[in-house]
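So this block is model.csv, CSV, C-alpha atoms:
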```
chain,number,residue,atom,x,y,z
A,1,MET,CA,0.8,85.6,2.6
A,2,SER,CA,-1.2,88.8,1.7
A,3,LYS,CA,-4.9,88.8,1.9
A,4,GLU,CA,-5.1,89.3,-1.8
A,5,ASN,CA,-3.1,86.2,-2.6
A,6,LYS,CA,-4.8,83.9,-0.1
A,7,PHE,CA,-6.6,81.1,-1.9
A,8,THR,CA,-10.2,81.2,-0.8
A,9,GLN,CA,-12.1,80.2,-3.9
A,10,LYS,CA,-14.8,77.6,-3.1
A,11,ASN,CA,-14.0,74.9,-5.7
A,12,TYR,CA,-17.0,72.7,-5.8
A,13,VAL,CA,-19.4,72.1,-8.7
A,14,LYS,CA,-22.8,70.7,-9.1
A,15,MET,CA,-23.0,67.1,-10.3
A,16,GLY,CA,-25.9,64.9,-11.6
A,17,ILE,CA,-29.1,64.9,-9.5
A,18,ILE,CA,-27.6,66.4,-6.4
A,19,ALA,CA,-24.8,68.9,-5.6
A,20,GLY,CA,-21.3,67.5,-5.4
A,21,ALA,CA,-17.8,68.7,-5.2
A,22,VAL,CA,-15.0,67.8,-7.5
A,23,VAL,CA,-11.6,69.2,-8.6
A,24,VAL,CA,-11.5,69.6,-12.3
A,25,VAL,CA,-8.0,69.1,-13.8
A,26,ALA,CA,-7.6,70.4,-17.3
A,27,ALA,CA,-5.1,68.8,-19.6
A,28,LEU,CA,-3.6,71.1,-22.2
A,29,GLY,CA,-2.7,69.5,-25.5
A,30,ALA,CA,0.0,70.6,-27.9
A,31,TRP,CA,-1.2,73.8,-29.5
A,32,GLY,CA,1.7,74.1,-32.0
A,33,ILE,CA,2.6,77.5,-30.8
A,34,SER,CA,6.0,77.2,-32.6
A,35,SER,CA,4.2,77.0,-35.9
A,36,MET,CA,2.5,80.4,-35.5
A,37,ARG,CA,4.2,83.0,-37.6
A,38,SER,CA,2.5,86.1,-36.2
A,39,GLY,CA,1.4,87.5,-32.9
A,40,ALA,CA,3.2,88.1,-29.6
A,41,SER,CA,6.0,85.9,-28.4
A,42,LEU,CA,5.3,83.4,-25.6
A,43,GLU,CA,7.3,85.5,-23.1
A,44,SER,CA,5.2,88.6,-24.1
A,45,ALA,CA,2.0,86.7,-23.8
A,46,LEU,CA,2.8,85.5,-20.3
A,47,SER,CA,4.2,88.8,-19.1
A,48,GLY,CA,1.0,89.7,-17.2
A,49,ILE,CA,0.9,86.5,-15.2
A,50,SER,CA,1.8,86.7,-11.5
A,51,THR,CA,4.5,84.5,-10.2
A,52,GLY,CA,2.5,83.8,-7.0
A,53,ALA,CA,1.1,80.3,-6.3
A,54,VAL,CA,-0.5,78.5,-3.5
A,55,SER,CA,1.5,76.0,-1.5
A,56,ALA,CA,0.0,72.9,0.1
A,57,ALA,CA,0.5,74.4,3.6
A,58,ASP,CA,-2.0,77.2,2.6
A,59,LEU,CA,-4.8,74.8,1.6
A,60,ARG,CA,-7.6,73.6,3.9
A,61,ILE,CA,-9.1,70.6,2.1
A,62,ALA,CA,-12.2,68.4,2.8
A,63,VAL,CA,-13.9,65.4,1.2
A,64,ILE,CA,-17.7,64.9,0.7
A,65,ARG,CA,-19.1,61.5,-0.3
A,66,MET,CA,-22.2,62.3,-2.3
A,67,ASP,CA,-23.3,58.7,-2.5
A,68,GLU,CA,-23.5,58.5,1.2
A,69,ILE,CA,-25.5,61.7,1.4
A,70,GLN,CA,-27.9,60.4,-1.3
A,71,ALA,CA,-28.3,57.2,0.6
A,72,ASN,CA,-28.6,58.5,4.2
A,73,ALA,CA,-30.0,62.1,4.2
A,74,ASP,CA,-33.6,61.8,5.5
A,75,VAL,CA,-35.1,64.0,2.9
A,76,LEU,CA,-33.6,62.1,0.0
A,77,VAL,CA,-34.6,58.8,1.5
A,78,ASP,CA,-38.2,60.0,1.7
A,79,LEU,CA,-38.1,61.4,-1.8
A,80,ARG,CA,-36.9,58.1,-3.2
A,81,LYS,CA,-39.8,56.4,-1.4
A,82,GLN,CA,-42.3,58.7,-3.1
A,83,LYS,CA,-40.8,58.0,-6.5
A,84,GLU,CA,-40.8,54.3,-5.9
A,85,SER,CA,-44.5,54.5,-4.8
A,86,PHE,CA,-45.5,56.1,-8.1
A,87,GLU,CA,-43.5,53.5,-10.0
A,88,SER,CA,-45.1,50.7,-8.1
A,89,ARG,CA,-48.6,52.1,-8.9
A,90,LEU,CA,-47.6,52.3,-12.5
A,91,ARG,CA,-46.4,48.7,-12.6
A,92,ASP,CA,-49.6,47.5,-10.9
A,93,GLU,CA,-51.8,49.3,-13.4
A,94,LEU,CA,-49.7,48.0,-16.3
A,95,THR,CA,-50.0,44.5,-15.0
A,96,LYS,CA,-53.8,44.8,-14.7
A,97,THR,CA,-54.2,46.3,-18.2
A,98,GLN,CA,-51.9,43.7,-19.7
A,99,LYS,CA,-54.0,40.9,-18.3
A,100,SER,CA,-57.1,42.5,-19.8
A,101,LEU,CA,-55.4,42.8,-23.1
A,102,GLU,CA,-54.2,39.2,-23.0
A,103,LYS,CA,-57.8,38.1,-22.3
A,104,GLU,CA,-59.1,40.2,-25.2
A,105,LYS,CA,-56.4,38.7,-27.5
A,106,ALA,CA,-57.4,35.2,-26.6
A,107,GLU,CA,-61.1,36.0,-27.4
A,108,ILE,CA,-60.1,37.4,-30.8
A,109,GLU,CA,-58.2,34.3,-31.6
A,110,LYS,CA,-61.1,32.1,-30.6
A,111,SER,CA,-63.6,34.2,-32.7
A,112,GLN,CA,-61.6,34.4,-35.9
A,113,GLU,CA,-63.4,31.4,-37.3
A,114,VAL,CA,-66.8,32.9,-36.9
A,115,LEU,CA,-66.2,36.6,-37.6
A,116,SER,CA,-66.2,38.0,-41.0
A,117,ARG,CA,-63.0,39.2,-42.5
A,118,GLU,CA,-63.9,42.8,-42.0
A,119,ALA,CA,-65.1,42.3,-38.4
A,120,LEU,CA,-61.9,40.4,-37.5
A,121,HIS,CA,-59.8,43.1,-39.1
A,122,ARG,CA,-61.7,45.7,-37.1
A,123,ARG,CA,-61.2,43.9,-33.8
A,124,VAL,CA,-57.5,43.3,-34.4
A,125,THR,CA,-57.1,47.0,-35.3
A,126,GLU,CA,-58.9,48.1,-32.2
A,127,TYR,CA,-56.8,45.7,-30.1
A,128,GLN,CA,-53.5,47.0,-31.6
A,129,GLN,CA,-54.6,50.5,-30.9
A,130,LYS,CA,-55.1,49.7,-27.3
A,131,VAL,CA,-51.6,48.1,-27.1
A,132,ASN,CA,-50.1,51.2,-28.7
A,133,ASN,CA,-52.0,53.5,-26.3
A,134,LEU,CA,-50.8,51.5,-23.3
A,135,GLN,CA,-47.2,51.7,-24.4
A,136,ARG,CA,-47.4,55.5,-25.0
A,137,ASP,CA,-49.2,56.0,-21.7
A,138,VAL,CA,-46.7,54.0,-19.7
A,139,THR,CA,-43.7,55.8,-21.3
A,140,GLU,CA,-45.2,59.2,-20.7
A,141,ARG,CA,-46.1,58.5,-17.1
A,142,ALA,CA,-42.7,56.9,-16.4
A,143,GLN,CA,-41.0,60.0,-17.9
A,144,SER,CA,-43.2,62.3,-15.8
A,145,ILE,CA,-42.2,60.4,-12.6
A,146,GLU,CA,-38.5,60.9,-13.4
A,147,MET,CA,-39.0,64.5,-14.3
A,148,GLU,CA,-40.9,65.4,-11.1
A,149,PHE,CA,-38.3,63.5,-9.1
A,150,GLN,CA,-35.5,65.5,-10.7
A,151,LYS,CA,-37.3,68.7,-10.1
A,152,ALA,CA,-37.6,67.9,-6.4
A,153,LEU,CA,-33.9,67.0,-6.2
A,154,ASN,CA,-32.9,70.2,-7.9
A,155,GLU,CA,-35.0,72.2,-5.5
A,156,ILE,CA,-33.6,70.4,-2.5
A,157,GLN,CA,-30.1,71.0,-3.8
A,158,LYS,CA,-30.7,74.7,-4.4
A,159,ARG,CA,-32.7,75.4,-1.3
A,160,ASP,CA,-30.9,73.1,1.3
A,161,LEU,CA,-27.8,71.2,0.2
A,162,ASP,CA,-25.9,74.1,-1.5
A,163,PRO,CA,-26.3,76.5,1.4
A,164,ILE,CA,-25.2,73.7,3.9
A,165,ILE,CA,-22.1,73.0,1.9
A,166,GLU,CA,-21.4,76.7,1.6
A,167,GLY,CA,-21.9,77.0,5.4
A,168,ILE,CA,-19.5,74.2,6.1
A,169,ILE,CA,-16.9,75.7,3.8
A,170,ALA,CA,-17.2,79.0,5.6
A,171,ARG,CA,-17.3,77.5,9.2
A,172,LYS,CA,-14.2,75.4,8.5
A,173,ASN,CA,-12.5,78.0,6.4
A,174,LEU,CA,-12.0,75.5,3.6
A,175,SER,CA,-10.1,76.2,0.4
A,176,LEU,CA,-11.2,73.1,-1.5
A,177,VAL,CA,-13.9,70.5,-1.2
A,178,ILE,CA,-13.5,67.3,-3.2
A,179,ASP,CA,-16.1,64.8,-4.2
A,180,GLY,CA,-15.0,61.6,-2.5
A,181,ARG,CA,-15.9,59.5,-5.6
A,182,PHE,CA,-12.9,61.2,-7.4
A,183,ALA,CA,-10.5,61.1,-4.5
A,184,ARG,CA,-8.1,58.5,-3.2
A,185,VAL,CA,-7.9,59.0,0.5
A,186,SER,CA,-5.3,57.3,2.6
A,187,GLU,CA,-6.4,55.1,5.5
A,188,ASN,CA,-4.2,57.3,7.7
A,189,ALA,CA,-5.9,60.5,6.7
A,190,PRO,CA,-7.4,62.4,9.7
A,191,ALA,CA,-11.1,61.9,10.3
A,192,GLU,CA,-11.7,65.7,9.9
A,193,LEU,CA,-10.9,65.4,6.2
A,194,ASP,CA,-14.2,63.7,5.5
A,195,VAL,CA,-17.1,66.1,6.2
A,196,THR,CA,-19.9,63.9,4.8
A,197,SER,CA,-21.4,63.2,8.3
A,198,ASP,CA,-21.5,66.9,8.9
A,199,VAL,CA,-23.5,67.5,5.7
A,200,ILE,CA,-25.9,64.7,6.5
A,201,SER,CA,-26.4,65.8,10.1
A,202,SER,CA,-27.0,69.4,9.0
A,203,MET,CA,-29.4,68.2,6.2
A,204,ASN,CA,-31.4,66.2,8.7
A,205,LYS,CA,-31.7,69.1,11.0
A,206,LYS,CA,-32.8,71.5,8.2
A,207,VAL,CA,-35.2,69.3,6.3
A,208,SER,CA,-36.6,65.8,6.6
A,209,LYS,CA,-39.3,65.7,4.0
A,210,TYR,CA,-40.1,67.3,0.6
A,211,GLN,CA,-43.4,66.7,-1.2
A,212,MET,CA,-42.7,65.6,-4.7
A,213,ALA,CA,-45.2,67.0,-7.3
A,214,LYS,CA,-47.7,64.5,-8.6
A,215,PRO,CA,-46.5,63.2,-12.0
A,216,LYS,CA,-48.7,63.3,-15.0
A,217,GLY,CA,-51.4,60.6,-15.1
A,218,PHE,CA,-51.6,60.0,-11.4
```

Mind turning the file's structure into structure tokens?
Amino acid sequence: MSKENKFTQKNYVKMGIIAGAVVVVAALGAWGISSMRSGASLESALSGISTGAVSAADLRIAVIRMDEIQANADVLVDLRKQKESFESRLRDELTKTQKSLEKEKAEIEKSQEVLSREALHRRVTEYQQKVNNLQRDVTERAQSIEMEFQKALNEIQKRDLDPIIEGIIARKNLSLVIDGRFARVSENAPAELDVTSDVISSMNKKVSKYQMAKPKGF
């Protein structure tokens, strides 16, 4: 096989919160070419297409299990702990504020017999405003946690994971890397087919911690 025809394209794409690899298979529908009354014939349209193709013997394939990388790479484990810490703080503050609001609500209910109509209306309005503010604050802070978490993941992907996958592709001279979540692998497949442990090991050597930016409101 000539050097020009050798299949060397690195077929992996980014997925979700962390880089993955997946073969994309396109399904062509019926385009109704026969109904077209003008333009080039099919044979003419395909005249510039080479007859060359890649045989299975020419492919070097590997599988990466992204769920295992997310669960076991040190930097991602540490990052999840940071996210969970912010979420725990938010829950604790929410619980504390809710208790305070419940106490205030009980006091309003007790005082409705002695307060004037205007005073009661004012207290109820103030109480409802506090509830609305709490809901808005919790939503915004929860969204900020997720946003900063995703930013950190994207940076780790760009700075560390993508170059490692590229490096493994080059070192092993791979033609194709497939996301294990989309692959059915035989029990008899050679161990070398799955390079997940290589990715995790390389990640752990390269980076073990990444400081997530402080979310809004913390």

From the set A:Leu90, A:Ile108, A:Ile156, A:Val54, which residue has the shortest atom-to-atom contact distance to Ser208 of chain A, counting all atoms listed in the file?
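Of all the options, A:Ile156 lies closest to Ser208 of chain A.
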
Between atom CA of Met212 of chain A and atom CA of Phe149 of chain A, what is the distance, to one decimal in Å?
6.6 Å

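The residue that comes closest to Thr139 of chain A, out of A:Gly217, A:Gly180, A:Gly167, A:Gly48 and on the basis of only C-alpha atoms, is A:Gly217.
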
Mind pulling up the distance from atom CA of Ala142 of chain A to atom CA of Leu101 of chain A?
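Taking atom CA of Leu101 of chain A and atom CA of Ala142 of chain A, their separation equals 20.1 Å.
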
Selection near Asp160 of chain A, 10 Å with all atoms listed in the file, sequence-local residues under 4 positions removed, as a ChimeraX atom specification
/A:154-156,164-165,202-203,206-207

Taking only C-alpha atoms into account, which of A:Ser88, A:Asn133, A:Gln112, A:Ser197 comes nearest Asp67 of chain A?
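Result for the nearest residue to Asp67 of chain A: A:Ser197.
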
May I have the residues at most 8 Å from (-18.7, 66.6, 5.6) in the file's coordinates, counting all atoms listed in the file, as a PyMOL selection string?
chain A and resi 62-65+168+193-200

Selection to disk with C-alpha atoms, as a PDB file, in the coordinates of the input:
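Output contents, as saved in out_6.pdb:
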```pdb
ATOM      1  CA  ALA A  62     -12.200  68.400   2.800  1.00  0.00           C
ATOM      2  CA  VAL A  63     -13.900  65.400   1.200  1.00  0.00           C
ATOM      3  CA  ILE A  64     -17.700  64.900   0.700  1.00  0.00           C
ATOM      4  CA  ARG A  65     -19.100  61.500  -0.300  1.00  0.00           C
ATOM      5  CA  ILE A 168     -19.500  74.200   6.100  1.00  0.00           C
ATOM      6  CA  LEU A 193     -10.900  65.400   6.200  1.00  0.00           C
ATOM      7  CA  ASP A 194     -14.200  63.700   5.500  1.00  0.00           C
ATOM      8  CA  VAL A 195     -17.100  66.100   6.200  1.00  0.00           C
ATOM      9  CA  THR A 196     -19.900  63.900   4.800  1.00  0.00           C
ATOM     10  CA  SER A 197     -21.400  63.200   8.300  1.00  0.00           C
ATOM     11  CA  ASP A 198     -21.500  66.900   8.900  1.00  0.00           C
ATOM     12  CA  VAL A 199     -23.500  67.500   5.700  1.00  0.00           C
ATOM     13  CA  ILE A 200     -25.900  64.700   6.500  1.00  0.00           C
TER      14      ILE A 200
END
```

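Here atom CA of Gln70 of chain A is placed at a distance of 20.0 Å from atom CA of Arg184 of chain A.
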
For segment 206-217 of chain A, where the input has fewer atoms than it should, I would like all heavy atoms rebuilt and written as an mmCIF file, in the coordinates of the input.
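Resulting contents of part-v1.cif:
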```cif
data_model
loop_
_atom_site.group_PDB
_atom_site.id
_atom_site.type_symbol
_atom_site.label_atom_id
_atom_site.label_comp_id
_atom_site.auth_asym_id
_atom_site.auth_seq_id
_atom_site.Cartn_x
_atom_site.Cartn_y
_atom_site.Cartn_z
ATOM 1 N N LYS A 206 -32.134 70.424 9.036
ATOM 2 C CA LYS A 206 -32.800 71.500 8.200
ATOM 3 C C LYS A 206 -34.057 71.005 7.572
ATOM 4 O O LYS A 206 -35.057 71.722 7.521
ATOM 5 C CB LYS A 206 -31.811 72.000 7.188
ATOM 6 C CG LYS A 206 -32.270 73.277 6.496
ATOM 7 C CD LYS A 206 -31.171 73.831 5.598
ATOM 8 C CE LYS A 206 -31.537 75.220 5.084
ATOM 9 N NZ LYS A 206 -32.719 75.225 4.226
ATOM 10 N N VAL A 207 -34.059 69.787 7.026
ATOM 11 C CA VAL A 207 -35.200 69.300 6.300
ATOM 12 C C VAL A 207 -35.252 67.786 6.327
ATOM 13 O O VAL A 207 -34.229 67.129 6.194
ATOM 14 C CB VAL A 207 -35.173 69.791 4.810
ATOM 15 C CG1 VAL A 207 -33.907 69.359 4.112
ATOM 16 C CG2 VAL A 207 -36.392 69.333 4.036
ATOM 17 N N SER A 208 -36.439 67.231 6.552
ATOM 18 C CA SER A 208 -36.600 65.800 6.600
ATOM 19 C C SER A 208 -37.518 65.254 5.506
ATOM 20 O O SER A 208 -37.458 64.078 5.147
ATOM 21 C CB SER A 208 -37.066 65.306 7.963
ATOM 22 O OG SER A 208 -38.342 65.870 8.248
ATOM 23 N N LYS A 209 -38.381 66.126 4.997
ATOM 24 C CA LYS A 209 -39.300 65.700 4.000
ATOM 25 C C LYS A 209 -39.508 66.805 2.941
ATOM 26 O O LYS A 209 -39.399 67.996 3.251
ATOM 27 C CB LYS A 209 -40.704 65.381 4.602
ATOM 28 C CG LYS A 209 -40.707 64.143 5.484
ATOM 29 C CD LYS A 209 -42.103 63.848 5.992
ATOM 30 C CE LYS A 209 -42.123 62.618 6.890
ATOM 31 N NZ LYS A 209 -41.696 61.405 6.174
ATOM 32 N N TYR A 210 -39.799 66.378 1.728
ATOM 33 C CA TYR A 210 -40.100 67.300 0.600
ATOM 34 C C TYR A 210 -41.144 66.622 -0.237
ATOM 35 O O TYR A 210 -40.913 65.503 -0.702
ATOM 36 C CB TYR A 210 -38.856 67.642 -0.172
ATOM 37 C CG TYR A 210 -39.107 68.657 -1.265
ATOM 38 C CD1 TYR A 210 -38.933 70.011 -1.030
ATOM 39 C CD2 TYR A 210 -39.532 68.252 -2.534
ATOM 40 C CE1 TYR A 210 -39.176 70.946 -2.027
ATOM 41 C CE2 TYR A 210 -39.781 69.172 -3.537
ATOM 42 C CZ TYR A 210 -39.609 70.514 -3.273
ATOM 43 O OH TYR A 210 -39.843 71.450 -4.247
ATOM 44 N N GLN A 211 -42.276 67.297 -0.430
ATOM 45 C CA GLN A 211 -43.400 66.700 -1.200
ATOM 46 C C GLN A 211 -43.090 66.786 -2.693
ATOM 47 O O GLN A 211 -43.079 67.872 -3.258
ATOM 48 C CB GLN A 211 -44.698 67.346 -0.865
ATOM 49 C CG GLN A 211 -45.888 66.664 -1.519
ATOM 50 C CD GLN A 211 -46.044 65.216 -1.083
ATOM 51 O OE1 GLN A 211 -46.019 64.916 0.112
ATOM 52 N NE2 GLN A 211 -46.182 64.311 -2.042
ATOM 53 N N MET A 212 -42.911 65.640 -3.296
ATOM 54 C CA MET A 212 -42.700 65.600 -4.700
ATOM 55 C C MET A 212 -44.036 65.887 -5.443
ATOM 56 O O MET A 212 -45.101 65.405 -5.035
ATOM 57 C CB MET A 212 -42.208 64.172 -5.102
ATOM 58 C CG MET A 212 -42.089 63.852 -6.563
ATOM 59 S SD MET A 212 -41.439 62.155 -6.744
ATOM 60 C CE MET A 212 -41.826 61.856 -8.475
ATOM 61 N N ALA A 213 -43.999 66.689 -6.490
ATOM 62 C CA ALA A 213 -45.200 67.000 -7.300
ATOM 63 C C ALA A 213 -45.771 65.742 -7.895
ATOM 64 O O ALA A 213 -45.027 64.836 -8.282
ATOM 65 C CB ALA A 213 -44.918 68.057 -8.309
ATOM 66 N N LYS A 214 -47.090 65.684 -7.994
ATOM 67 C CA LYS A 214 -47.700 64.500 -8.600
ATOM 68 C C LYS A 214 -47.405 64.424 -10.080
ATOM 69 O O LYS A 214 -47.656 65.365 -10.824
ATOM 70 C CB LYS A 214 -49.232 64.572 -8.377
ATOM 71 C CG LYS A 214 -49.964 63.313 -8.872
ATOM 72 C CD LYS A 214 -51.449 63.430 -8.620
ATOM 73 C CE LYS A 214 -51.770 63.408 -7.131
ATOM 74 N NZ LYS A 214 -53.238 63.335 -6.880
ATOM 75 N N PRO A 215 -46.858 63.307 -10.526
ATOM 76 C CA PRO A 215 -46.500 63.200 -12.000
ATOM 77 C C PRO A 215 -47.803 63.119 -12.813
ATOM 78 O O PRO A 215 -48.898 62.830 -12.322
ATOM 79 C CB PRO A 215 -45.790 61.824 -12.016
ATOM 80 C CG PRO A 215 -45.348 61.557 -10.610
ATOM 81 C CD PRO A 215 -46.394 62.157 -9.740
ATOM 82 N N LYS A 216 -47.635 63.383 -14.088
ATOM 83 C CA LYS A 216 -48.700 63.300 -15.000
ATOM 84 C C LYS A 216 -49.365 61.953 -15.076
ATOM 85 O O LYS A 216 -48.675 60.944 -15.139
ATOM 86 C CB LYS A 216 -48.223 63.726 -16.426
ATOM 87 C CG LYS A 216 -49.273 63.718 -17.507
ATOM 88 C CD LYS A 216 -48.661 64.076 -18.853
ATOM 89 C CE LYS A 216 -49.694 64.025 -19.978
ATOM 90 N NZ LYS A 216 -49.087 64.342 -21.292
ATOM 91 N N GLY A 217 -50.682 61.914 -15.003
ATOM 92 C CA GLY A 217 -51.400 60.600 -15.100
ATOM 93 C C GLY A 217 -51.684 59.939 -13.813
ATOM 94 O O GLY A 217 -52.205 58.835 -13.802
#
```
